[in-house]
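Next comes my_file_14.pdb, with PDB, C-alpha atoms, pLDDT in the B column.
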ATOM      1  CA  MET A   1      18.328-137.463  36.730  1.00 61.00           C
ATOM      2  CA  GLU A   2      15.658-136.508  39.247  1.00 67.00           C
ATOM      3  CA  LYS A   3      16.184-136.661  42.993  1.00 64.00           C
ATOM      4  CA  ILE A   4      15.494-140.071  44.500  1.00 59.00           C
ATOM      5  CA  LYS A   5      12.182-140.598  46.282  1.00 62.00           C
ATOM      6  CA  PRO A   6      12.697-143.647  48.503  1.00 58.00           C
ATOM      7  CA  SER A   7       9.728-145.836  49.326  1.00 56.00           C
ATOM      8  CA  VAL A   8       9.214-149.399  50.481  1.00 57.00           C
ATOM      9  CA  ASP A   9       8.845-150.250  46.770  1.00 61.00           C
ATOM     10  CA  THR A  10      12.294-148.940  45.856  1.00 65.00           C
ATOM     11  CA  THR A  11      14.315-151.818  44.440  1.00 68.00           C
ATOM     12  CA  LYS A  12      17.999-152.637  44.579  1.00 71.00           C
ATOM     13  CA  GLU A  13      18.061-152.313  40.787  1.00 81.00           C
ATOM     14  CA  GLU A  14      16.780-148.719  40.975  1.00 79.00           C
ATOM     15  CA  LEU A  15      19.505-147.833  43.446  1.00 78.00           C
ATOM     16  CA  GLN A  16      22.111-149.620  41.341  1.00 79.00           C
ATOM     17  CA  SER A  17      21.056-147.661  38.248  1.00 83.00           C
ATOM     18  CA  ARG A  18      21.650-144.428  40.158  1.00 83.00           C
ATOM     19  CA  ILE A  19      25.102-145.619  41.230  1.00 86.00           C
ATOM     20  CA  ASP A  20      25.868-146.650  37.641  1.00 92.00           C
ATOM     21  CA  TYR A  21      24.822-143.188  36.448  1.00 91.00           C
ATOM     22  CA  MET A  22      27.212-141.519  38.900  1.00 91.00           C
ATOM     23  CA  MET A  23      30.054-143.844  37.910  1.00 94.00           C
ATOM     24  CA  SER A  24      29.539-143.217  34.187  1.00 96.00           C
ATOM     25  CA  GLU A  25      29.482-139.474  34.815  1.00 95.00           C
ATOM     26  CA  LYS A  26      32.704-139.787  36.811  1.00 95.00           C
ATOM     27  CA  THR A  27      34.357-141.552  33.887  1.00 96.00           C
ATOM     28  CA  ARG A  28      33.067-138.961  31.411  1.00 97.00           C
ATOM     29  CA  ILE A  29      34.369-136.132  33.604  1.00 97.00           C
ATOM     30  CA  GLU A  30      37.776-137.797  33.931  1.00 97.00           C
ATOM     31  CA  GLU A  31      38.042-137.937  30.137  1.00 97.00           C
ATOM     32  CA  LEU A  32      36.829-134.344  29.821  1.00 97.00           C
ATOM     33  CA  SER A  33      39.514-133.192  32.273  1.00 96.00           C
ATOM     34  CA  LYS A  34      42.175-134.166  29.758  1.00 96.00           C
ATOM     35  CA  VAL A  35      40.715-131.644  27.296  1.00 96.00           C
ATOM     36  CA  ASP A  36      38.901-128.944  29.286  1.00 96.00           C
ATOM     37  CA  ILE A  37      39.748-128.797  32.965  1.00 96.00           C
ATOM     38  CA  LYS A  38      37.433-125.863  33.736  1.00 97.00           C
ATOM     39  CA  GLN A  39      34.399-127.639  32.303  1.00 97.00           C
ATOM     40  CA  ALA A  40      35.417-130.857  34.065  1.00 97.00           C
ATOM     41  CA  ILE A  41      35.528-129.033  37.402  1.00 96.00           C
ATOM     42  CA  ALA A  42      32.101-127.499  36.762  1.00 97.00           C
ATOM     43  CA  ASP A  43      30.661-130.899  35.820  1.00 97.00           C
ATOM     44  CA  PHE A  44      32.250-132.506  38.873  1.00 96.00           C
ATOM     45  CA  ARG A  45      30.587-129.936  41.116  1.00 97.00           C
ATOM     46  CA  VAL A  46      27.207-130.785  39.572  1.00 94.00           C
ATOM     47  CA  LEU A  47      27.856-134.509  40.105  1.00 94.00           C
ATOM     48  CA  ARG A  48      28.993-133.946  43.683  1.00 94.00           C
ATOM     49  CA  ARG A  49      25.882-131.883  44.417  1.00 92.00           C
ATOM     50  CA  PHE A  50      23.728-134.663  42.940  1.00 90.00           C
ATOM     51  CA  ALA A  51      25.453-137.303  45.088  1.00 90.00           C
ATOM     52  CA  ASP A  52      25.152-135.132  48.213  1.00 90.00           C
ATOM     53  CA  ASP A  53      21.440-134.570  47.555  1.00 87.00           C
ATOM     54  CA  GLU A  54      20.889-138.295  47.076  1.00 82.00           C
ATOM     55  CA  TRP A  55      22.670-139.092  50.340  1.00 78.00           C
ATOM     56  CA  HIS A  56      20.750-136.408  52.193  1.00 79.00           C
ATOM     57  CA  GLU A  57      17.415-137.737  50.929  1.00 76.00           C
ATOM     58  CA  LEU A  58      18.300-141.334  51.843  1.00 69.00           C
ATOM     59  CA  THR A  59      19.352-140.408  55.377  1.00 68.00           C
ATOM     60  CA  LEU A  60      16.297-138.309  56.260  1.00 64.00           C
ATOM     61  CA  ALA A  61      14.319-139.652  59.215  1.00 59.00           C
ATOM     62  CA  ARG A  62      11.144-139.805  57.136  1.00 57.00           C
ATOM     63  CA  ASN A  63      12.862-142.234  54.761  1.00 53.00           C
ATOM     64  CA  GLU A  64      14.338-144.469  57.449  1.00 63.00           C
ATOM     65  CA  GLU A  65      11.676-147.174  57.115  1.00 65.00           C
ATOM     66  CA  ALA A  66      12.019-147.356  53.339  1.00 55.00           C
ATOM     67  CA  CYS A  67      15.812-147.522  53.548  1.00 56.00           C
ATOM     68  CA  MET A  68      15.836-150.122  56.309  1.00 62.00           C
ATOM     69  CA  HIS A  69      13.243-152.225  54.469  1.00 57.00           C
ATOM     70  CA  ASN A  70      15.378-152.361  51.359  1.00 57.00           C
TER      71      ASN A  70
END

How would this structure read if it were set down as structure tokens?
Amino acid sequence: MEKIKPSVDTTKEELQSRIDYMMSEKTRIEELSKVDIKQAIADFRVLRRFADDEWHELTLARNEEACMHN
């Protein structure tokens, strides 16, 4: 999934789809950890980096208006 680009047109549904994606990945990684812990850790790091990047983008000053609007 590409990095979020917040705008005043960003909808709640778009944000919810991103949250749903992260939750489904979390579930997939939990199942993977029962079989291949090393791969699960690697996948978790990718997911964590994605979530951190999303948070960073949403909290940037240039995106404040878009985030406050929505």

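Note that the spacing between atom CA of Asp53 of chain A and atom CA of Asp36 of chain A amounts to 25.9 Å.
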
Since I can't run it myself right now, could you work out what the PyMOL selection byres ((chain A and resi 51) around 12) selects here and report it as a PyMOL selection string? chain A and resi 1-4+18-23+25-26+44-50+52-58

What gap, in Å, lies between atom CA of Leu15 of chain A and atom CA of Arg28 of chain A?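 Atom CA of Arg28 of chain A lies 20.2 Å from atom CA of Leu15 of chain A.
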
Have a look at atom CA of Glu30 of chain A and atom CA of Ala42 of chain A and let me know their distance in Å, one decimal. 12.1 Å

Go ahead and fit an axis-aligned box to every listed atom of segment 35-53 of chain A plus 6 Å each side, and pass me the centre and edge lengths in Å, one decimal, as AutoDock Vina command-line options.
--center_x 31.1 --center_y -131.6 --center_z 37.8 --size_x 31.3 --size_y 23.4 --size_z 32.9
